[in-house]
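Below is final17.cif, holding mmCIF, C-alpha atoms.
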```cif
data_data
loop_
_atom_site.label_atom_id
_atom_site.label_comp_id
_atom_site.auth_asym_id
_atom_site.auth_seq_id
_atom_site.Cartn_x
_atom_site.Cartn_y
_atom_site.Cartn_z
CA MET R 1 0.00 0.00 0.00
CA VAL R 2 1.32 3.41 -0.97
CA SER R 3 1.28 6.04 1.75
CA ARG R 4 -0.44 9.40 1.47
CA SER R 5 2.94 11.06 1.72
CA ALA R 6 4.20 9.15 -1.31
CA LEU R 7 1.10 10.10 -3.31
CA ALA R 8 1.47 13.76 -2.32
CA TRP R 9 5.12 13.86 -3.36
CA ALA R 10 4.34 12.07 -6.63
CA ALA R 11 1.68 14.70 -7.38
CA CYS R 12 4.08 17.49 -6.44
CA PHE R 13 6.76 16.14 -8.76
CA ALA R 14 4.22 15.67 -11.57
CA VAL R 15 3.18 19.33 -11.28
CA LEU R 16 6.82 20.45 -11.21
CA LEU R 17 7.49 18.43 -14.34
CA ALA R 18 4.34 19.56 -16.16
CA LEU R 19 5.03 23.26 -15.61
CA ALA R 20 8.78 23.13 -16.22
CA ILE R 21 8.29 24.16 -19.85
CA PRO R 22 6.09 27.25 -20.11
CA TRP R 23 4.26 26.37 -23.32
CA PHE R 24 1.79 29.18 -22.68
CA LEU R 25 4.60 31.78 -22.80
CA TRP R 26 6.35 30.70 -26.00
CA ARG R 27 4.61 33.18 -28.27
CA SER R 28 4.92 36.00 -25.77
CA ASP R 29 7.34 38.76 -26.72
CA THR R 30 6.98 40.56 -23.38
CA LEU R 31 10.24 41.75 -21.85
CA VAL R 32 10.88 42.28 -18.14
CA ALA R 33 14.14 43.99 -17.19
CA GLY R 34 15.36 43.42 -20.73
CA LEU R 35 14.83 39.64 -20.73
CA PRO R 36 11.93 37.59 -22.12
CA VAL R 37 9.25 36.67 -19.60
CA TRP R 38 9.68 32.96 -20.38
CA LEU R 39 13.30 33.19 -19.21
CA TRP R 40 12.14 34.70 -15.90
CA TRP R 41 9.69 31.79 -15.64
CA HIS R 42 12.62 29.36 -15.83
CA VAL R 43 14.61 31.27 -13.21
CA ALA R 44 11.66 31.31 -10.81
CA TRP R 45 10.74 27.71 -11.57
CA MET R 46 14.26 26.53 -10.73
CA GLY R 47 13.84 28.21 -7.33
CA VAL R 48 10.49 26.50 -6.76
CA THR R 49 11.96 23.16 -7.82
CA ALA R 50 14.97 23.59 -5.54
CA ALA R 51 12.71 24.42 -2.58
CA ALA R 52 10.50 21.38 -3.26
CA PHE R 53 13.52 19.09 -3.54
CA ALA R 54 15.01 20.51 -0.33
CA ALA R 55 11.74 19.85 1.51
CA PHE R 56 11.60 16.33 0.10
CA ALA R 57 15.22 15.67 1.09
CA ARG R 58 14.60 16.90 4.64
CA ARG R 59 11.30 15.10 5.26
CA ASP R 60 10.88 11.98 3.16
CA TRP R 61 14.18 11.02 1.61
CA GLY R 62 14.04 7.32 0.69
CA LEU R 63 10.25 7.31 0.53
CA PHE R 64 10.03 5.77 -2.94
CA VAL R 65 13.05 3.52 -2.44
CA GLU R 66 11.56 1.75 0.57
CA VAL R 67 8.03 1.26 -0.83
CA GLY R 68 7.18 -2.43 -0.88
CA GLN R 69 10.16 -3.53 1.21
CA ARG R 70 9.50 -5.24 4.53
#
```

Represent the structure contained in this file as structure tokens.
Amino acid sequence: MVSRSALAWAACFAVLLALAIPWFLWRSDTLVAGLPVWLWWHVAWMGVTAAAFAAFARRDWGLFVEVGQR
């Protein structure tokens, strides 16, 4: 049986993966501080991903490795 924690982290990682490429910004020519907005998306998304991975490493490291082992 898979724990709720494992399901929550799997959903979190799926969302991180799905939004890693900003398809909705590809045709945007908007500039912020001289750089395209899609580039700022990547910079911010790397911060979000790093924070999620740090939380995972602190709380539930080994969660998916130990599933099914007894």

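Put simply, atom CA of Ile21 of chain R is 7.9 Å away from atom CA of His42 of chain R.
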
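Using the PyMOL selection byres ((chain R and resi 12-16) around 10) on the file at hand returns these residues: R:Ala6, R:Leu7, R:Ala8, R:Trp9, R:Ala10, R:Ala11, R:Leu17, R:Ala18, R:Leu19, R:Ala20, R:Ile21, R:Trp45, R:Met46, R:Val48, R:Thr49, R:Ala52, R:Phe53.
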
Where is the centre and how long are the edges: axis-aligned box on segment 9-18 of chain R, 5 Å on each side, Å to one decimal, as lines of an AutoDock Vina configuration file:
```
center_x = 4.6
center_y = 16.3
center_z = -9.8
size_x = 15.8
size_y = 18.4
size_z = 22.8
```

TODO: Work out how far apart atom CA of Leu39 of chain R and atom CA of Ala51 of chain R are and give it in Å to one decimal.
DONE: 18.8 Å

Open item on the list: Report, in Å with one decimal, the straight-line distance from atom CA of Ala54 of chain R to atom CA of Ser5 of chain R.
Closed with: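 Separation between atom CA of Ala54 of chain R and atom CA of Ser5 of chain R: 15.5 Å.
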
Task: Shortest interatomic distance to Trp40 of chain R - which of R:Pro22, R:Val2, R:Phe56, R:Trp61, counting all atoms listed in the file - done: R:Pro22

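With all atoms listed in the file as the basis for measurement, R:Asp60 is the residue among R:Ala55, R:Trp38, R:Asp60, R:Thr30 that approaches Ser3 of chain R most closely.
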
With N, CA, C and O atoms as the goal, would you fill in the gaps in segment 22-47 of chain R and present it as a PDB file, in the frame of the given file?
```pdb
ATOM      1  N   PRO R  22       7.239  26.341 -20.056  1.00  0.00           N
ATOM      2  CA  PRO R  22       6.090  27.250 -20.110  1.00  0.00           C
ATOM      3  C   PRO R  22       5.528  27.378 -21.535  1.00  0.00           C
ATOM      4  O   PRO R  22       5.739  28.378 -22.223  1.00  0.00           O
ATOM      5  N   TRP R  23       4.819  26.369 -21.975  1.00  0.00           N
ATOM      6  CA  TRP R  23       4.260  26.370 -23.320  1.00  0.00           C
ATOM      7  C   TRP R  23       3.408  27.611 -23.584  1.00  0.00           C
ATOM      8  O   TRP R  23       3.401  28.151 -24.686  1.00  0.00           O
ATOM      9  N   PHE R  24       2.692  28.046 -22.555  1.00  0.00           N
ATOM     10  CA  PHE R  24       1.790  29.180 -22.680  1.00  0.00           C
ATOM     11  C   PHE R  24       2.519  30.512 -22.850  1.00  0.00           C
ATOM     12  O   PHE R  24       1.911  31.517 -23.167  1.00  0.00           O
ATOM     13  N   LEU R  25       3.830  30.544 -22.653  1.00  0.00           N
ATOM     14  CA  LEU R  25       4.600  31.780 -22.800  1.00  0.00           C
ATOM     15  C   LEU R  25       5.446  31.812 -24.073  1.00  0.00           C
ATOM     16  O   LEU R  25       6.115  32.806 -24.332  1.00  0.00           O
ATOM     17  N   TRP R  26       5.437  30.769 -24.865  1.00  0.00           N
ATOM     18  CA  TRP R  26       6.350  30.700 -26.000  1.00  0.00           C
ATOM     19  C   TRP R  26       6.095  31.762 -27.054  1.00  0.00           C
ATOM     20  O   TRP R  26       7.007  32.214 -27.708  1.00  0.00           O
ATOM     21  N   ARG R  27       4.894  32.161 -27.258  1.00  0.00           N
ATOM     22  CA  ARG R  27       4.610  33.180 -28.270  1.00  0.00           C
ATOM     23  C   ARG R  27       4.589  34.593 -27.683  1.00  0.00           C
ATOM     24  O   ARG R  27       4.310  35.549 -28.381  1.00  0.00           O
ATOM     25  N   SER R  28       4.910  34.705 -26.419  1.00  0.00           N
ATOM     26  CA  SER R  28       4.920  36.000 -25.770  1.00  0.00           C
ATOM     27  C   SER R  28       6.234  36.720 -26.062  1.00  0.00           C
ATOM     28  O   SER R  28       7.315  36.145 -25.927  1.00  0.00           O
ATOM     29  N   ASP R  29       6.130  37.975 -26.481  1.00  0.00           N
ATOM     30  CA  ASP R  29       7.340  38.760 -26.720  1.00  0.00           C
ATOM     31  C   ASP R  29       7.536  39.826 -25.641  1.00  0.00           C
ATOM     32  O   ASP R  29       8.292  40.774 -25.814  1.00  0.00           O
ATOM     33  N   THR R  30       6.877  39.626 -24.505  1.00  0.00           N
ATOM     34  CA  THR R  30       6.980  40.560 -23.380  1.00  0.00           C
ATOM     35  C   THR R  30       8.375  40.491 -22.759  1.00  0.00           C
ATOM     36  O   THR R  30       8.912  39.409 -22.531  1.00  0.00           O
ATOM     37  N   LEU R  31       8.930  41.662 -22.494  1.00  0.00           N
ATOM     38  CA  LEU R  31      10.240  41.750 -21.850  1.00  0.00           C
ATOM     39  C   LEU R  31      10.067  42.316 -20.435  1.00  0.00           C
ATOM     40  O   LEU R  31       9.280  43.223 -20.209  1.00  0.00           O
ATOM     41  N   VAL R  32      10.822  41.771 -19.509  1.00  0.00           N
ATOM     42  CA  VAL R  32      10.880  42.280 -18.140  1.00  0.00           C
ATOM     43  C   VAL R  32      12.356  42.455 -17.810  1.00  0.00           C
ATOM     44  O   VAL R  32      13.122  41.493 -17.888  1.00  0.00           O
ATOM     45  N   ALA R  33      12.733  43.669 -17.479  1.00  0.00           N
ATOM     46  CA  ALA R  33      14.140  43.990 -17.190  1.00  0.00           C
ATOM     47  C   ALA R  33      15.056  43.573 -18.338  1.00  0.00           C
ATOM     48  O   ALA R  33      16.171  43.112 -18.121  1.00  0.00           O
ATOM     49  N   GLY R  34      14.554  43.700 -19.552  1.00  0.00           N
ATOM     50  CA  GLY R  34      15.360  43.420 -20.730  1.00  0.00           C
ATOM     51  C   GLY R  34      15.457  41.960 -21.135  1.00  0.00           C
ATOM     52  O   GLY R  34      16.131  41.631 -22.105  1.00  0.00           O
ATOM     53  N   LEU R  35      14.797  41.068 -20.414  1.00  0.00           N
ATOM     54  CA  LEU R  35      14.830  39.640 -20.730  1.00  0.00           C
ATOM     55  C   LEU R  35      13.413  39.140 -20.998  1.00  0.00           C
ATOM     56  O   LEU R  35      12.451  39.649 -20.417  1.00  0.00           O
ATOM     57  N   PRO R  36      13.271  38.133 -21.849  1.00  0.00           N
ATOM     58  CA  PRO R  36      11.930  37.590 -22.120  1.00  0.00           C
ATOM     59  C   PRO R  36      11.296  37.008 -20.854  1.00  0.00           C
ATOM     60  O   PRO R  36      11.981  36.458 -19.992  1.00  0.00           O
ATOM     61  N   VAL R  37       9.966  37.126 -20.783  1.00  0.00           N
ATOM     62  CA  VAL R  37       9.250  36.670 -19.600  1.00  0.00           C
ATOM     63  C   VAL R  37       9.388  35.156 -19.415  1.00  0.00           C
ATOM     64  O   VAL R  37       9.417  34.665 -18.286  1.00  0.00           O
ATOM     65  N   TRP R  38       9.520  34.410 -20.523  1.00  0.00           N
ATOM     66  CA  TRP R  38       9.680  32.960 -20.380  1.00  0.00           C
ATOM     67  C   TRP R  38      11.005  32.629 -19.708  1.00  0.00           C
ATOM     68  O   TRP R  38      11.112  31.617 -19.015  1.00  0.00           O
ATOM     69  N   LEU R  39      12.025  33.437 -19.877  1.00  0.00           N
ATOM     70  CA  LEU R  39      13.300  33.190 -19.210  1.00  0.00           C
ATOM     71  C   LEU R  39      13.166  33.427 -17.700  1.00  0.00           C
ATOM     72  O   LEU R  39      13.701  32.661 -16.895  1.00  0.00           O
ATOM     73  N   TRP R  40      12.412  34.463 -17.320  1.00  0.00           N
ATOM     74  CA  TRP R  40      12.140  34.700 -15.900  1.00  0.00           C
ATOM     75  C   TRP R  40      11.356  33.544 -15.302  1.00  0.00           C
ATOM     76  O   TRP R  40      11.537  33.199 -14.134  1.00  0.00           O
ATOM     77  N   TRP R  41      10.447  32.966 -16.107  1.00  0.00           N
ATOM     78  CA  TRP R  41       9.690  31.790 -15.640  1.00  0.00           C
ATOM     79  C   TRP R  41      10.671  30.680 -15.255  1.00  0.00           C
ATOM     80  O   TRP R  41      10.535  30.047 -14.212  1.00  0.00           O
ATOM     81  N   HIS R  42      11.652  30.429 -16.113  1.00  0.00           N
ATOM     82  CA  HIS R  42      12.620  29.360 -15.830  1.00  0.00           C
ATOM     83  C   HIS R  42      13.435  29.663 -14.575  1.00  0.00           C
ATOM     84  O   HIS R  42      13.694  28.757 -13.775  1.00  0.00           O
ATOM     85  N   VAL R  43      13.838  30.901 -14.406  1.00  0.00           N
ATOM     86  CA  VAL R  43      14.610  31.270 -13.210  1.00  0.00           C
ATOM     87  C   VAL R  43      13.775  31.035 -11.950  1.00  0.00           C
ATOM     88  O   VAL R  43      14.234  30.405 -10.989  1.00  0.00           O
ATOM     89  N   ALA R  44      12.536  31.505 -11.970  1.00  0.00           N
ATOM     90  CA  ALA R  44      11.660  31.310 -10.810  1.00  0.00           C
ATOM     91  C   ALA R  44      11.337  29.839 -10.596  1.00  0.00           C
ATOM     92  O   ALA R  44      11.311  29.359  -9.454  1.00  0.00           O
ATOM     93  N   TRP R  45      11.111  29.120 -11.682  1.00  0.00           N
ATOM     94  CA  TRP R  45      10.740  27.710 -11.570  1.00  0.00           C
ATOM     95  C   TRP R  45      11.888  26.879 -11.002  1.00  0.00           C
ATOM     96  O   TRP R  45      11.663  25.916 -10.263  1.00  0.00           O
ATOM     97  N   MET R  46      13.112  27.236 -11.319  1.00  0.00           N
ATOM     98  CA  MET R  46      14.260  26.530 -10.730  1.00  0.00           C
ATOM     99  C   MET R  46      14.306  26.764  -9.216  1.00  0.00           C
ATOM    100  O   MET R  46      14.658  25.859  -8.464  1.00  0.00           O
ATOM    101  N   GLY R  47      13.921  27.953  -8.762  1.00  0.00           N
ATOM    102  CA  GLY R  47      13.840  28.210  -7.330  1.00  0.00           C
ATOM    103  C   GLY R  47      12.756  27.384  -6.663  1.00  0.00           C
ATOM    104  O   GLY R  47      12.971  26.811  -5.592  1.00  0.00           O
TER     105      GLY R  47
END
```
